[in-house]
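**Q** Sharing start-v8.csv (CSV, C-alpha atoms) below.
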```
chain,number,residue,atom,x,y,z
A,1,MET,CA,85.2,77.6,80.2
A,2,GLY,CA,85.2,81.1,81.7
A,3,CYS,CA,82.7,83.7,80.8
A,4,GLU,CA,83.8,86.5,78.5
A,5,GLN,CA,84.5,89.8,80.3
A,6,GLN,CA,81.6,92.3,79.9
A,7,TYR,CA,82.3,95.9,79.4
A,8,PHE,CA,80.1,99.0,79.7
A,9,SER,CA,80.2,102.4,77.9
A,10,ILE,CA,80.8,105.6,79.9
A,11,LYS,CA,77.2,106.5,79.5
A,12,GLU,CA,76.0,103.2,80.9
A,13,VAL,CA,78.5,103.5,83.8
A,14,SER,CA,77.2,107.0,84.6
A,15,GLU,CA,73.6,105.7,84.8
A,16,MET,CA,74.7,102.8,87.0
A,17,THR,CA,76.8,104.7,89.4
A,18,GLY,CA,75.3,108.3,89.4
A,19,VAL,CA,78.7,109.7,88.5
A,20,ASN,CA,78.6,111.9,85.4
A,21,PRO,CA,81.0,111.3,82.5
A,22,VAL,CA,82.8,114.6,83.0
A,23,THR,CA,83.7,113.5,86.6
A,24,LEU,CA,84.7,110.0,85.5
A,25,ARG,CA,87.1,111.5,83.0
A,26,ALA,CA,88.5,113.9,85.6
A,27,TRP,CA,89.1,111.0,88.1
A,28,GLN,CA,91.1,109.2,85.4
A,29,ARG,CA,93.1,112.1,83.9
A,30,ARG,CA,93.9,114.2,87.0
A,31,TYR,CA,94.0,111.6,89.8
A,32,GLY,CA,94.7,108.3,88.0
A,33,LEU,CA,91.8,106.6,89.9
A,34,LEU,CA,90.5,104.7,86.9
A,35,ASN,CA,92.1,103.0,84.0
A,36,PRO,CA,89.3,101.9,81.6
A,37,MET,CA,90.0,100.0,78.4
A,38,ARG,CA,89.6,101.6,75.0
A,39,THR,CA,87.8,100.3,72.0
A,40,GLU,CA,89.4,100.4,68.5
A,41,GLN,CA,87.5,103.6,68.0
A,42,GLY,CA,89.0,105.1,71.1
A,43,TYR,CA,85.9,105.0,73.3
A,44,ARG,CA,86.3,104.2,77.0
A,45,VAL,CA,84.8,100.9,78.3
A,46,TYR,CA,84.6,99.9,81.9
A,47,SER,CA,84.6,96.5,83.5
A,48,GLN,CA,82.6,95.4,86.6
A,49,ALA,CA,85.8,95.9,88.6
A,50,ASP,CA,86.0,99.5,87.4
A,51,ILE,CA,82.3,100.0,88.4
A,52,ASP,CA,83.0,98.6,91.9
A,53,LYS,CA,86.0,100.9,92.2
A,54,ILE,CA,83.8,103.9,91.2
A,55,ARG,CA,81.3,103.0,93.9
A,56,GLN,CA,84.1,102.7,96.5
A,57,ILE,CA,85.4,106.2,95.5
A,58,VAL,CA,81.9,107.6,96.1
A,59,VAL,CA,81.8,105.9,99.5
A,60,TRP,CA,85.1,107.7,100.5
A,61,LEU,CA,83.8,111.0,99.2
A,62,GLU,CA,80.6,110.6,101.2
A,63,LYS,CA,82.8,110.2,104.3
A,64,GLY,CA,84.3,113.6,103.5
A,65,VAL,CA,87.7,112.4,102.1
A,66,ALA,CA,89.1,114.8,99.5
A,67,ILE,CA,89.3,113.3,96.0
A,68,SER,CA,93.0,114.0,95.9
A,69,LYS,CA,93.4,111.6,99.0
A,70,VAL,CA,91.3,108.7,97.7
A,71,ARG,CA,93.9,106.8,95.6
A,72,PRO,CA,96.1,105.6,98.5
A,73,LEU,CA,93.0,104.6,100.4
A,74,LEU,CA,91.8,102.5,97.4
A,75,ASP,CA,95.3,100.8,97.3
A,76,GLU,CA,95.2,100.2,101.0
A,77,HIS,CA,91.7,98.9,100.9
A,78,GLU,CA,92.7,96.3,98.2
A,79,SER,CA,95.8,95.3,100.1
A,80,THR,CA,94.0,94.7,103.4
A,81,GLU,CA,91.5,92.3,101.8
A,82,GLY,CA,88.3,94.1,102.8
A,83,GLU,CA,89.5,95.8,106.0
A,84,LYS,CA,88.4,99.5,106.0
A,85,PRO,CA,91.3,101.9,106.4
A,86,GLN,CA,90.7,105.1,108.3
A,87,ALA,CA,91.1,108.5,106.7
A,88,GLU,CA,90.9,112.0,108.0
A,89,PRO,CA,87.9,113.7,106.4
A,90,GLN,CA,89.0,116.7,104.3
A,91,ALA,CA,85.8,117.9,102.7
A,92,ALA,CA,85.9,120.7,105.3
A,93,GLN,CA,88.9,122.2,103.5
A,94,HIS,CA,87.0,122.6,100.3
A,95,LEU,CA,84.1,124.2,102.1
A,96,GLU,CA,86.5,126.6,103.9
A,97,ALA,CA,88.1,127.6,100.6
A,98,VAL,CA,84.7,128.3,99.0
A,99,THR,CA,83.3,130.3,102.0
A,100,SER,CA,86.6,132.2,102.3
A,101,ALA,CA,86.4,133.3,98.7
A,102,LEU,CA,82.7,134.1,99.1
A,103,PHE,CA,83.1,136.1,102.3
A,104,ASP,CA,86.0,138.1,100.8
A,105,CYS,CA,83.9,138.7,97.7
A,106,ARG,CA,86.5,137.2,95.4
A,107,GLY,CA,84.4,136.3,92.4
A,108,LYS,CA,87.1,134.9,90.2
A,109,LYS,CA,88.5,132.6,92.9
A,110,LEU,CA,85.0,131.4,93.8
A,111,ASP,CA,84.3,130.6,90.1
A,112,GLN,CA,87.6,128.7,89.9
A,113,LEU,CA,86.8,126.6,93.0
A,114,LEU,CA,83.2,125.8,91.8
A,115,THR,CA,84.5,124.8,88.3
A,116,GLN,CA,86.9,122.3,89.9
A,117,LEU,CA,84.5,120.9,92.5
A,118,MET,CA,81.6,120.6,90.1
A,119,LYS,CA,83.8,118.6,87.7
A,120,GLU,CA,85.4,116.3,90.3
A,121,TYR,CA,82.5,115.5,92.6
A,122,PRO,CA,79.2,113.8,91.8
A,123,SER,CA,76.5,116.4,91.7
A,124,GLU,CA,74.4,115.1,94.5
A,125,LEU,CA,77.5,114.9,96.7
A,126,PHE,CA,78.5,118.5,95.7
A,127,ILE,CA,75.1,119.7,96.8
A,128,LYS,CA,75.3,117.9,100.1
A,129,GLN,CA,78.9,118.8,101.0
A,130,VAL,CA,79.2,122.3,99.5
A,131,VAL,CA,75.9,123.9,98.5
A,132,ASN,CA,73.9,123.2,101.6
A,133,PRO,CA,76.7,124.1,104.1
A,134,VAL,CA,77.5,127.3,102.2
A,135,GLU,CA,73.8,128.3,102.4
A,136,GLN,CA,73.9,127.7,106.2
A,137,ALA,CA,77.1,129.7,106.6
A,138,ILE,CA,75.7,132.7,104.7
A,139,GLY,CA,72.4,132.6,106.6
A,140,ARG,CA,73.9,132.9,110.1
A,141,ALA,CA,72.1,135.5,112.2
A,142,ASP,CA,75.5,137.1,113.1
A,143,ASN,CA,76.6,137.6,109.4
A,144,PRO,CA,76.4,141.3,108.6
A,145,LEU,CA,77.3,140.7,104.9
A,146,ALA,CA,74.6,138.0,104.3
A,147,ASN,CA,72.9,139.9,101.5
A,148,ILE,CA,76.1,140.7,99.5
A,149,GLN,CA,77.4,137.1,100.0
A,150,GLN,CA,74.0,135.6,99.0
A,151,ALA,CA,74.0,137.7,95.8
A,152,LEU,CA,77.5,136.6,94.9
A,153,TRP,CA,76.8,133.0,95.6
A,154,GLN,CA,73.6,133.0,93.5
A,155,SER,CA,75.4,134.7,90.7
A,156,ALA,CA,78.4,132.4,90.7
A,157,MET,CA,76.3,129.2,90.9
A,158,THR,CA,73.9,130.4,88.2
A,159,GLU,CA,76.8,131.1,85.8
A,160,ARG,CA,78.4,127.8,86.5
A,161,CYS,CA,75.2,125.7,86.1
A,162,LEU,CA,74.3,127.4,82.9
A,163,ALA,CA,77.7,126.8,81.5
A,164,LEU,CA,77.5,123.1,82.3
A,165,VAL,CA,73.9,122.9,80.9
A,166,THR,CA,75.0,124.5,77.7
A,167,LYS,CA,78.0,122.2,77.4
A,168,ALA,CA,76.0,119.1,78.1
A,169,ARG,CA,73.4,120.0,75.4
A,170,LYS,CA,75.8,119.0,72.7
A,171,ARG,CA,75.7,115.3,73.7
A,172,ALA,CA,72.1,115.2,75.1
A,173,ALA,CA,69.9,112.4,73.7
A,174,LYS,CA,66.5,113.5,75.1
A,175,ARG,CA,64.7,116.8,75.6
A,176,CYS,CA,62.9,118.3,78.6
A,177,PHE,CA,61.4,121.6,79.7
A,178,LEU,CA,62.1,123.0,83.1
A,179,ILE,CA,59.6,125.6,84.1
A,180,SER,CA,58.9,127.8,87.2
A,181,PHE,CA,56.0,130.0,88.3
A,182,ASP,CA,58.1,131.8,90.9
A,183,GLN,CA,58.4,135.5,90.4
A,184,HIS,CA,61.9,135.7,91.8
A,185,VAL,CA,64.1,133.1,90.2
A,186,HIS,CA,66.0,131.1,92.8
A,187,TYR,CA,69.4,129.8,91.8
A,188,ARG,CA,68.4,126.3,92.6
A,189,LEU,CA,66.3,126.4,89.4
A,190,TRP,CA,69.6,126.4,87.5
A,191,LEU,CA,71.0,123.8,89.9
A,192,LYS,CA,68.1,121.5,89.0
A,193,ALA,CA,68.8,122.2,85.3
A,194,TRP,CA,72.4,121.0,85.8
A,195,LEU,CA,71.2,117.8,87.5
A,196,LEU,CA,68.8,117.1,84.6
A,197,ALA,CA,71.6,117.8,82.1
A,198,GLU,CA,73.7,115.2,83.8
A,199,LYS,CA,70.9,112.7,83.3
A,200,GLY,CA,71.2,113.2,79.6
A,201,TYR,CA,68.6,115.9,79.0
A,202,ASP,CA,68.7,118.8,76.6
A,203,VAL,CA,67.1,121.2,79.1
A,204,THR,CA,65.0,124.2,78.0
A,205,ILE,CA,64.5,126.5,81.0
A,206,LEU,CA,61.4,128.7,81.2
A,207,PRO,CA,61.3,130.8,84.4
A,208,ASN,CA,58.7,133.4,85.5
A,209,LEU,CA,55.8,131.8,83.6
A,210,GLU,CA,53.2,133.4,86.1
A,211,SER,CA,50.8,130.5,85.5
A,212,LYS,CA,50.5,131.1,81.8
A,213,LEU,CA,50.9,127.8,80.0
A,214,MET,CA,48.9,128.5,76.9
A,215,GLY,CA,50.6,127.0,73.9
A,216,LEU,CA,53.1,125.0,76.0
A,217,SER,CA,51.6,121.7,75.0
A,218,ALA,CA,51.9,122.5,71.3
A,219,ALA,CA,55.5,123.7,71.7
A,220,MET,CA,56.5,120.5,73.7
A,221,THR,CA,54.8,118.3,71.1
A,222,ALA,CA,56.5,120.0,68.2
A,223,SER,CA,59.9,119.8,69.9
A,224,GLN,CA,59.4,116.1,70.9
A,225,VAL,CA,59.9,116.9,74.6
A,226,GLU,CA,60.0,113.8,76.7
A,227,ALA,CA,59.4,115.3,80.2
A,228,LEU,CA,58.2,118.4,81.9
A,229,PHE,CA,59.8,119.4,85.2
A,230,VAL,CA,58.2,122.1,87.4
A,231,PHE,CA,60.4,123.8,90.0
A,232,GLY,CA,59.3,126.1,92.7
A,233,GLU,CA,59.9,127.3,96.2
A,234,GLN,CA,56.6,129.1,96.5
A,235,ARG,CA,53.0,127.9,96.4
A,236,ILE,CA,51.5,127.7,92.9
A,237,SER,CA,48.3,129.6,92.3
A,238,GLN,CA,45.1,127.6,91.8
A,239,GLN,CA,45.1,128.7,88.1
A,240,GLY,CA,48.6,127.3,87.7
A,241,LEU,CA,47.7,124.0,89.3
A,242,SER,CA,44.6,123.7,87.1
A,243,GLN,CA,46.7,124.3,84.0
A,244,LEU,CA,49.2,121.7,85.1
A,245,VAL,CA,46.5,119.1,85.5
A,246,SER,CA,45.1,120.0,82.1
A,247,LEU,CA,48.6,119.9,80.6
A,248,GLN,CA,49.1,116.4,81.9
A,249,ARG,CA,46.0,115.2,80.2
A,250,GLN,CA,47.2,116.7,76.9
A,251,LEU,CA,50.8,115.5,76.9
A,252,ASP,CA,52.2,112.0,76.4
A,253,CYS,CA,55.1,112.6,78.8
A,254,SER,CA,55.8,112.8,82.5
A,255,ILE,CA,55.3,115.9,84.7
A,256,GLN,CA,57.4,116.1,87.9
A,257,LEU,CA,57.4,118.6,90.7
A,258,MET,CA,60.8,119.8,92.0
A,259,GLY,CA,61.8,121.9,95.0
A,260,SER,CA,59.5,122.9,97.8
A,261,ILE,CA,56.3,122.6,95.7
A,262,ALA,CA,56.8,118.8,95.6
A,263,THR,CA,55.9,118.9,99.3
A,264,ILE,CA,53.5,121.9,99.2
A,265,HIS,CA,51.4,120.4,96.4
A,266,HIS,CA,52.0,116.7,97.1
A,267,ASP,CA,48.4,115.9,96.3
A,268,VAL,CA,48.4,117.4,92.8
A,269,LEU,CA,47.8,114.8,90.0
A,270,VAL,CA,51.4,115.0,88.7
A,271,GLN,CA,54.3,112.7,89.3
A,272,GLN,CA,56.8,114.1,91.9
A,273,SER,CA,60.6,114.1,91.8
```
Output the file's structure as structure tokens, nothing else.
**A**
Amino acid sequence: MGCEQQYFSIKEVSEMTGVNPVTLRAWQRRYGLLNPMRTEQGYRVYSQADIDKIRQIVVWLEKGVAISKVRPLLDEHESTEGEKPQAEPQAAQHLEAVTSALFDCRGKKLDQLLTQLMKEYPSELFIKQVVNPVEQAIGRADNPLANIQQALWQSAMTERCLALVTKARKRAAKRCFLISFDQHVHYRLWLKAWLLAEKGYDVTILPNLESKLMGLSAAMTASQVEALFVFGEQRISQQGLSQLVSLQRQLDCSIQLMGSIATIHHDVLVQQS
């Protein structure tokens, strides 16, 4: 007698594959890449075959194939019984569109592109294929508009990330604080907030703390915060480090370093991300 088919909720699938629910829905609605079943209440449920397909989609995206070109590759992959069809990488087209809008200072177009890409691509892959290359393009030594483009890029990314964090807060099941001691807020702080929101956190962001953590322990306890994340691109003062160690002793939750400080302060008695 065969085993009953097991199905997984969209939240479980997101945790298993690293692809957030918003992206999974976009893959289904816009591109027809997935066809999950529905419960009597209307909730999506996914089979193991669906999960395998999601992972195969991610593989194609990692190779640089545009999401709009993935469906025929999946069909060809299935029809060739495991043989790997070849595809022309098209991620460069997305990067070119983003950098073109950025270099021409077209803020509205840039926001439209980021909205689409951040919805359709897994976050880590978006950072790898868009964020990092854009930073490299802006930072070229022969770029006379680097300051203006960097300002626009940071502004656009900050707005997009905050919008996604706010939207995710409605369905978040656990709370965390994301703090930073850096005097100048780097947009990657908001990028980290987005990544945490995708993991199911209701993120409270506290920048520019200047090593002043008095009262934070009580606030986190009262709010039932499960984790504290510390982001930074600059060295933390000795006072700040001492307060983090003290805070870890007071709190019944994890403390993780993020950004450059995870390397700079690798020997601090806190867990690292």
**Q** Write out as a VMD selection string each polymer residue whose atoms come within 7 Å of segment 8-12 of chain A, counting only C-alpha atoms; drop sequence neighbours fewer than 5 positions from it.
**A** chain A and resid 21 44 to 47
**Q** Next, the residues of the selection above should be written as a PDB file, in the frame of the given file with C-alpha atoms.
**A**
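That gives us part.pdb:
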```
ATOM      1  CA  PRO A  21      81.000 111.300  82.500  1.00  0.00           C
ATOM      2  CA  ARG A  44      86.300 104.200  77.000  1.00  0.00           C
ATOM      3  CA  VAL A  45      84.800 100.900  78.300  1.00  0.00           C
ATOM      4  CA  TYR A  46      84.600  99.900  81.900  1.00  0.00           C
ATOM      5  CA  SER A  47      84.600  96.500  83.500  1.00  0.00           C
TER       6      SER A  47
END
```
**Q** With the cut-off set at 9 Å and counting all atoms listed in the file, tabulate each residue of segment 16-95 of chain A with an atom at most that distance from an atom of segment 193-203 of chain A, showing the nearest atom pair and its distance in Å to one decimal, ordered by chain and increasing number, as a tab-separated table.
**A**
```
residue	atom	partner	partner_atom	distance
A:Gly18	CA	A:Lys199	CA	8.7
A:Val19	CA	A:Glu198	CA	8.8
A:Asn20	CA	A:Glu198	CA	6.1
A:Pro21	CA	A:Glu198	CA	8.4
```
**Q** Enter the distance from atom CA of Arg71 of chain A to atom CA of Thr115 of chain A, in Å, rounded to one decimal.
**A**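 Between atom CA of Arg71 of chain A and atom CA of Thr115 of chain A the gap works out to 21.6 Å.
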**Q** Kindly give the distance, in Å, that separates atom CA of Thr23 of chain A and atom CA of Gln116 of chain A, rounded to a single decimal.
**A**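 According to the coordinates, atom CA of Thr23 of chain A and atom CA of Gln116 of chain A are separated by 9.9 Å.
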**Q** Quick one: of A:Leu216, A:Leu34, A:Ala227, A:Leu61, who's nearest to Pro122 of chain A, counting only C-alpha atoms?
**A**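 Result for the nearest residue to Pro122 of chain A: A:Leu61.
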**Q** Excluding Ala101 of chain A and its own-chain neighbours fewer than 2 positions away, which residues fall within 12 Å of it when counting all atoms listed in the file? Please give them as an NGL selection string.
**A** :A and (94-99 or 103-114 or 134 or 149 or 152-153 or 156)
**Q** Please build the interface table for segment 211-237 of chain A against segment 242-251 of chain A with a cut-off of 10 Å, listing for each qualifying residue the nearest atom pair and the distance in Å to one decimal; count all atoms listed in the file, order rows by chain and increasing number, and write it as a tab-separated table.
**A**
```
residue	atom	partner	partner_atom	distance
A:Ser211	CA	A:Gln243	CA	7.6
A:Lys212	CA	A:Gln243	CA	8.1
A:Leu213	CA	A:Gln243	CA	6.8
A:Met214	CA	A:Gln243	CA	8.5
A:Gly215	CA	A:Leu247	CA	10.0
A:Leu216	CA	A:Leu247	CA	8.2
A:Ser217	CA	A:Leu251	CA	6.5
A:Ala218	CA	A:Leu251	CA	9.0
A:Met220	CA	A:Leu251	CA	8.2
A:Thr221	CA	A:Leu251	CA	7.6
A:Val225	CA	A:Leu251	CA	9.5
A:Glu226	CA	A:Leu251	CA	9.4
A:Ala227	CA	A:Leu251	CA	9.2
A:Leu228	CA	A:Gln248	CA	9.3
A:Val230	CA	A:Leu244	CA	9.3
A:Ile236	CA	A:Ser242	CA	9.9
A:Ser237	CA	A:Ser242	CA	8.7
```
**Q** From the list A:Asp50, A:Gln224, A:Leu102, A:Ala262, which residue is nearest Lys174 of chain A when using all atoms listed in the file?
**A**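 Result for the nearest residue to Lys174 of chain A: A:Gln224.
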**Q** Can you tell me how far atom CA of Thr166 of chain A sits from atom CA of Thr204 of chain A, in Å to one decimal?
**A**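 Answer for the atom CA of Thr166 of chain A to atom CA of Thr204 of chain A separation: 10.0 Å.
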**Q** What's the 10 Å shell around segment 55-58 of chain A, counting all atoms listed in the file, without same-chain residues fewer than 5 positions away, as a list in words?
**A**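 Returned residues: Met16, Thr17, Gly18, Val19, Trp27, Leu33, Ala49, Asp50, Lys63, Gly64, Val65, Ile67, Val70, Arg71, Leu73, Leu74, His77, Tyr121, Pro122 and Leu125 of chain A.
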**Q** Quick one: residues within 9 Å of Gln154 of chain A, all atoms listed in the file, excluding same-chain residues fewer than 5 positions away - as an NGL selection string?
**A** :A and (149 or 159 or 186-188)
**Q** Determine, counting all atoms listed in the file, every residue of protein, DNA or RNA that lies within 10 Å of (79.3, 121.2, 105.1) in the file coordinates, then give the result as a PyMOL selection string.
**A** chain A and resi 64+91-96+126-137
**Q** Tell me, as a list in words, which residues lie within 8 Å of Asn208 of chain A, counting only C-alpha atoms; anything in the same chain fewer than 2 positions away does not count.
**A**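 After dropping sequence-adjacent residues, the list is Ile179, Ser180, Phe181, Asp182, Gln183, His184, Val185, Leu206 and Glu210 of chain A.
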**Q** For Ser123 of chain A, which of A:Ala219, A:Arg38, A:Ala66, A:Ser14 is the closest residue, counting all atoms listed in the file?
**A**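 Answer, going by the shortest atom-to-atom distance: A:Ser14.
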